[in-house]
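Asks: Structure provided below as structure tokens; questions to follow.
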Number of protein chains: 2
Amino acid sequence: MTTASDTPTRSRRNRRAEILEAAARLFAARGFHGVSIEDIGGAVGVSGPALYRHFDGKDALLSEMLLDISSRLRESAVTVATAAAGPEETLDALLDVQIAFATEHPALITVHDRELGNVPEPARRQIRRLQRLYVEEWVTVLAELHPACPAARLRAATHAVFGLLNSTPHSAGELAAQDMRPMLHAMARAAIAAAIG
Amino acid sequence: MTTASDTPTRSRRNRRAEILEAAARLFAARGFHGVSIEDIGGAVGVSGPALYRHFDGKDALLSEMLLDISSRLRESAVTVATAAAGPEETLDALLDVQIAFATEHPALITVHDRELGNVPEPARRQIRRLQRLYVEEWVTVLAELHPACPAARLRAATHAVFGLLNSTPHSAGELAAQDMRPMLHAMARAAIAAAIG
DNA sequence: ACCAAATGTTAGTCACCATTAACGTCATCG
DNA sequence: CGATGACGTTAATGGTGACTAACATTTGGT
């Protein structure tokens, strides 16, 4: 109804990506089971079963979406962690990665931490693994900053910080991104210091 | 299959509450559309359409659930705000209310900020209103602590703090509640100070 | 121009699910 | 007792939605 039938040339280009993006937006808004194949097709200008030319099914679409998100996050974290000067700088860089992702792709973040339960088993394990590795990247850095703190506490604090940073989809529109990002960074920094300091 | 058929006397007592509790757990785990009436009935030992003796339908059940949650939160906030000595104490009390609710009823918190979109219109508006009033309770207190800070920033910071506090369902089992609660309080306090200070 | 792969379309099919109907049971209260 | 209402049960019913089948159309390589 709104988008999609722009240029007929673009259609051939990256339908897959277009579908994934539209599906993410819809899943974030109404939940996996609240969105039909027809809805997703309609959002990109094709209708219904055309999606089966690009994906094995609705489950496969979700699996690929979450796998992509968790891969990207983890990869960014690894890059940042290896290229860093010290734990303080690494933590700042990790925060920036997560904040950038959350503010630039709110729908992906929303889907990422709501819909894992709907991913069928082969992929679910892998996504969980990537998520765990991502968390461990944070925990490692935090442990360097405060070796005496038990790992369980560091992990819990990390999840709390994710909750803080991933709140952007909920407060969309309240504040401009240019104001939101440094505020989130400062809040997260202070929260971490309070948790493990 | 698991619970429910304990005492036949308890059955007559509070079926409604039992149903609401089971439904909350299921909705939190699989999402509103991922749970069938049959599932909910089965979870309390009756099967399927028996629920219609207690609720007008699946939508009505969700509406009542969210209305109850937002009412309880707002009422607690009002109580705390009127009985308080000063803004600092009020803020501490508000934090304790939210932390207690989030750690004691993780399923309710999860449903509360995921499923509003599935509530039909008469109730949706009312729930939104209660949620807005709850947020305003926080914003009012924060404004007293820092009058120069623009309201939009206070609102965004409040949402971020909710994200932090409501992260408990995600980090369930990492840390004992007795350790988790003061840590969340300290993190939230520090995050607020960093945001508006 | 011709073939094959890619990409769509529309019309089934089949399962699931919310809701209703029609029909018991049992306790309470007159 | 006997009726009434609370609470359940098992069969429809009707709609929706994922997926498949059968049938175009386009397109790029030869």
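Naming works like this for the structure tokens: A, B, ... for the chains as they're shown, residue 1 at the start of each chain, ligands 1 onward in shown order.
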What are the residues of chain D that have an atom within 9 Å of an atom of chain A, counting only C-alpha atoms (C1' of nucleotides), as number ranges by chain?
Replies: D: 17-19
Asks: Should the cut-off be 12 Å, what would the residue list for chain A against chain C look like, counting only C-alpha atoms (C1' of nucleotides), as a ChimeraX atom specification?
Replies: /A:11-13,15-16,41,45-54
Asks: For the residues selected in the previous step, produce a file with C-alpha atoms as a tab-separated table (two decimals), in the first residue's frame.
Replies:
```
chain	number	residue	atom	x	y	z
A	11	SER	CA	12.64	-5.15	-7.59
A	12	ARG	CA	15.06	-7.62	-9.10
A	13	ARG	CA	17.93	-6.31	-7.07
A	15	ARG	CA	14.08	-8.54	-2.78
A	16	ARG	CA	15.39	-10.73	0.00
A	41	GLY	CA	4.28	-9.84	0.88
A	45	GLY	CA	4.44	-5.03	-3.21
A	46	VAL	CA	4.14	-8.73	-4.00
A	47	SER	CA	1.40	-10.85	-2.67
A	48	GLY	CA	1.47	-13.89	-0.46
A	49	PRO	CA	3.17	-17.04	-1.62
A	50	ALA	CA	5.78	-15.10	-3.62
A	51	LEU	CA	7.88	-15.18	-0.46
A	52	TYR	CA	8.49	-18.89	-0.94
A	53	ARG	CA	10.71	-18.02	-3.90
A	54	HIS	CA	13.09	-16.39	-1.41
```
Asks: Kindly indicate which residue among A:Phe32, A:Trp138, A:Phe101, A:Phe55 lies nearest to chain B, using only C-alpha atoms for the distances.
Replies: A:Phe32
Asks: Can you check which residues of chain B have any atom within 8 Å of chain A? Use only C-alpha atoms and format it as a PyMOL selection string.
Replies: chain B and resi 29-31+33-34+117-118+152-153+155-156+159-168+170-171+174-175+180+183-184+186-195
Asks: Output N, CA and C atoms for every residue in the selection just made, as an mmCIF file, in the first residue's frame.
Replies:
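selection15.cif, freshly written:
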```
data_model
loop_
_atom_site.group_PDB
_atom_site.id
_atom_site.type_symbol
_atom_site.label_atom_id
_atom_site.label_comp_id
_atom_site.auth_asym_id
_atom_site.auth_seq_id
_atom_site.Cartn_x
_atom_site.Cartn_y
_atom_site.Cartn_z
ATOM 1 N N ALA B 29 5.793 -16.250 27.553
ATOM 2 C CA ALA B 29 6.709 -17.203 26.927
ATOM 3 C C ALA B 29 6.539 -17.258 25.420
ATOM 4 N N ARG B 30 5.289 -17.231 24.930
ATOM 5 C CA ARG B 30 5.087 -17.481 23.511
ATOM 6 C C ARG B 30 4.363 -16.372 22.778
ATOM 7 N N GLY B 31 3.965 -15.326 23.488
ATOM 8 C CA GLY B 31 3.248 -14.239 22.841
ATOM 9 C C GLY B 31 1.755 -14.531 22.758
ATOM 10 N N HIS B 33 -0.591 -14.297 20.448
ATOM 11 C CA HIS B 33 -1.116 -15.106 19.344
ATOM 12 C C HIS B 33 -0.512 -16.507 19.317
ATOM 13 N N GLY B 34 0.549 -16.710 20.077
ATOM 14 C CA GLY B 34 1.177 -18.031 20.112
ATOM 15 C C GLY B 34 0.553 -18.964 21.136
ATOM 16 N N GLY B 117 -0.330 -3.804 22.050
ATOM 17 C CA GLY B 117 -0.824 -3.731 20.677
ATOM 18 C C GLY B 117 -1.934 -4.716 20.369
ATOM 19 N N ASN B 118 -2.100 -5.732 21.179
ATOM 20 C CA ASN B 118 -3.153 -6.715 20.938
ATOM 21 C C ASN B 118 -4.416 -6.461 21.751
ATOM 22 N N ALA B 152 11.297 16.359 28.041
ATOM 23 C CA ALA B 152 11.526 15.275 27.081
ATOM 24 C C ALA B 152 12.693 14.403 27.527
ATOM 25 N N ARG B 153 13.726 15.058 28.012
ATOM 26 C CA ARG B 153 14.896 14.311 28.470
ATOM 27 C C ARG B 153 14.551 13.474 29.702
ATOM 28 N N ARG B 155 11.653 12.276 30.419
ATOM 29 C CA ARG B 155 10.823 11.154 29.984
ATOM 30 C C ARG B 155 11.683 10.057 29.362
ATOM 31 N N ALA B 156 12.593 10.450 28.499
ATOM 32 C CA ALA B 156 13.461 9.455 27.853
ATOM 33 C C ALA B 156 14.301 8.718 28.889
ATOM 34 N N HIS B 159 12.147 6.146 30.653
ATOM 35 C CA HIS B 159 11.966 4.921 29.859
ATOM 36 C C HIS B 159 13.225 4.060 29.900
ATOM 37 N N ALA B 160 14.371 4.704 29.847
ATOM 38 C CA ALA B 160 15.622 3.943 29.896
ATOM 39 C C ALA B 160 15.751 3.203 31.229
ATOM 40 N N VAL B 161 15.369 3.870 32.305
ATOM 41 C CA VAL B 161 15.433 3.228 33.616
ATOM 42 C C VAL B 161 14.451 2.060 33.685
ATOM 43 N N PHE B 162 13.255 2.231 33.117
ATOM 44 C CA PHE B 162 12.320 1.106 33.071
ATOM 45 C C PHE B 162 12.954 -0.066 32.335
ATOM 46 N N GLY B 163 13.619 0.229 31.219
ATOM 47 C CA GLY B 163 14.277 -0.839 30.480
ATOM 48 C C GLY B 163 15.289 -1.568 31.336
ATOM 49 N N LEU B 164 16.032 -0.801 32.087
ATOM 50 C CA LEU B 164 17.019 -1.401 32.987
ATOM 51 C C LEU B 164 16.344 -2.289 34.036
ATOM 52 N N LEU B 165 15.336 -1.735 34.704
ATOM 53 C CA LEU B 165 14.700 -2.483 35.798
ATOM 54 C C LEU B 165 13.917 -3.687 35.275
ATOM 55 N N ASN B 166 13.305 -3.537 34.116
ATOM 56 C CA ASN B 166 12.505 -4.631 33.564
ATOM 57 C C ASN B 166 13.350 -5.694 32.872
ATOM 58 N N SER B 167 14.650 -5.589 32.971
ATOM 59 C CA SER B 167 15.514 -6.585 32.351
ATOM 60 C C SER B 167 15.556 -7.873 33.164
ATOM 61 N N THR B 168 15.025 -7.856 34.381
ATOM 62 C CA THR B 168 15.086 -9.058 35.227
ATOM 63 C C THR B 168 14.596 -10.328 34.545
ATOM 64 N N HIS B 170 14.985 -11.252 31.663
ATOM 65 C CA HIS B 170 16.031 -11.746 30.765
ATOM 66 C C HIS B 170 17.197 -12.370 31.521
ATOM 67 N N SER B 171 17.493 -11.839 32.670
ATOM 68 C CA SER B 171 18.638 -12.351 33.409
ATOM 69 C C SER B 171 18.199 -13.232 34.571
ATOM 70 N N GLU B 174 20.478 -15.636 36.986
ATOM 71 C CA GLU B 174 21.883 -15.240 37.095
ATOM 72 C C GLU B 174 22.256 -14.945 38.537
ATOM 73 N N LEU B 175 21.355 -14.209 39.170
ATOM 74 C CA LEU B 175 21.669 -13.695 40.492
ATOM 75 C C LEU B 175 20.444 -13.889 41.397
ATOM 76 N N MET B 180 20.064 -9.143 43.457
ATOM 77 C CA MET B 180 19.629 -8.420 42.265
ATOM 78 C C MET B 180 18.989 -7.083 42.617
ATOM 79 N N MET B 183 21.267 -4.174 43.618
ATOM 80 C CA MET B 183 22.111 -3.813 42.474
ATOM 81 C C MET B 183 21.315 -2.982 41.469
ATOM 82 N N LEU B 184 20.098 -3.412 41.174
ATOM 83 C CA LEU B 184 19.266 -2.651 40.233
ATOM 84 C C LEU B 184 18.995 -1.252 40.766
ATOM 85 N N ALA B 186 20.850 0.517 42.783
ATOM 86 C CA ALA B 186 22.066 1.337 42.660
ATOM 87 C C ALA B 186 22.326 1.737 41.217
ATOM 88 N N MET B 187 22.149 0.783 40.293
ATOM 89 C CA MET B 187 22.379 1.093 38.878
ATOM 90 C C MET B 187 21.411 2.169 38.395
ATOM 91 N N ALA B 188 20.133 2.025 38.772
ATOM 92 C CA ALA B 188 19.140 2.991 38.320
ATOM 93 C C ALA B 188 19.432 4.377 38.890
ATOM 94 N N ARG B 189 19.756 4.420 40.161
ATOM 95 C CA ARG B 189 20.104 5.687 40.795
ATOM 96 C C ARG B 189 21.256 6.381 40.059
ATOM 97 N N ALA B 190 22.286 5.605 39.794
ATOM 98 C CA ALA B 190 23.454 6.178 39.132
ATOM 99 C C ALA B 190 23.105 6.622 37.710
ATOM 100 N N ALA B 191 22.325 5.817 37.018
ATOM 101 C CA ALA B 191 21.951 6.162 35.647
ATOM 102 C C ALA B 191 21.142 7.454 35.615
ATOM 103 N N ILE B 192 20.224 7.598 36.563
ATOM 104 C CA ILE B 192 19.413 8.814 36.622
ATOM 105 C C ILE B 192 20.301 10.025 36.877
ATOM 106 N N ALA B 193 21.206 9.880 37.836
ATOM 107 C CA ALA B 193 22.104 10.999 38.143
ATOM 108 C C ALA B 193 22.913 11.396 36.910
ATOM 109 N N ALA B 194 23.353 10.394 36.164
ATOM 110 C CA ALA B 194 24.150 10.687 34.971
ATOM 111 C C ALA B 194 23.310 11.340 33.882
ATOM 112 N N ALA B 195 22.036 10.997 33.825
ATOM 113 C CA ALA B 195 21.185 11.523 32.757
ATOM 114 C C ALA B 195 20.780 12.962 33.005
#
```
Asks: DSSP on the backbone: which residues in range 21-116 of chain A end up as helix (DSSP H, G or I)? Give the answer as an MDAnalysis selection string.
Replies: chainID A and resid 21:30 32:34 37:43 48:53 58:82 87:104 106:112 116
Asks: In Å, rounded to a single decimal, give me how far CA of Ala107 in chain A is from CA of Ser71 in chain A.
Replies: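 These atoms are spaced 16.3 Å apart.
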Asks: Using only C-alpha atoms, which of the listed residues (B:Asn14, B:Ser70, B:Thr82, B:Ser76) sits closest to Ala100 in chain B?
Replies: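 Using only C-alpha atoms, Ala100 in chain B sits closest to B:Ser76.
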Asks: Which residues, written as a ChimeraX atom specification, have at least one atom at most 6 Å from Ile127 in chain A, with only C-alpha atoms (C1' of nucleotides) counted and residues fewer than 3 positions away on the same chain left out?
Replies: /A:67,124,130
Asks: For the residues in the current selection, export N, CA and C atoms as an mmCIF file, in the first residue's frame.
Replies:
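Output file result-v1.cif is given in full below:
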```cif
data_model
loop_
_atom_site.group_PDB
_atom_site.id
_atom_site.type_symbol
_atom_site.label_atom_id
_atom_site.label_comp_id
_atom_site.auth_asym_id
_atom_site.auth_seq_id
_atom_site.Cartn_x
_atom_site.Cartn_y
_atom_site.Cartn_z
ATOM 1 N N LEU A 67 19.470 -14.699 13.159
ATOM 2 C CA LEU A 67 20.857 -15.123 12.968
ATOM 3 C C LEU A 67 21.699 -13.956 12.450
ATOM 4 N N ARG A 124 17.831 -22.069 16.545
ATOM 5 C CA ARG A 124 17.739 -21.461 17.878
ATOM 6 C C ARG A 124 19.038 -21.617 18.659
ATOM 7 N N LEU A 130 25.497 -17.361 19.751
ATOM 8 C CA LEU A 130 26.021 -16.051 19.380
ATOM 9 C C LEU A 130 25.685 -15.009 20.443
#
```
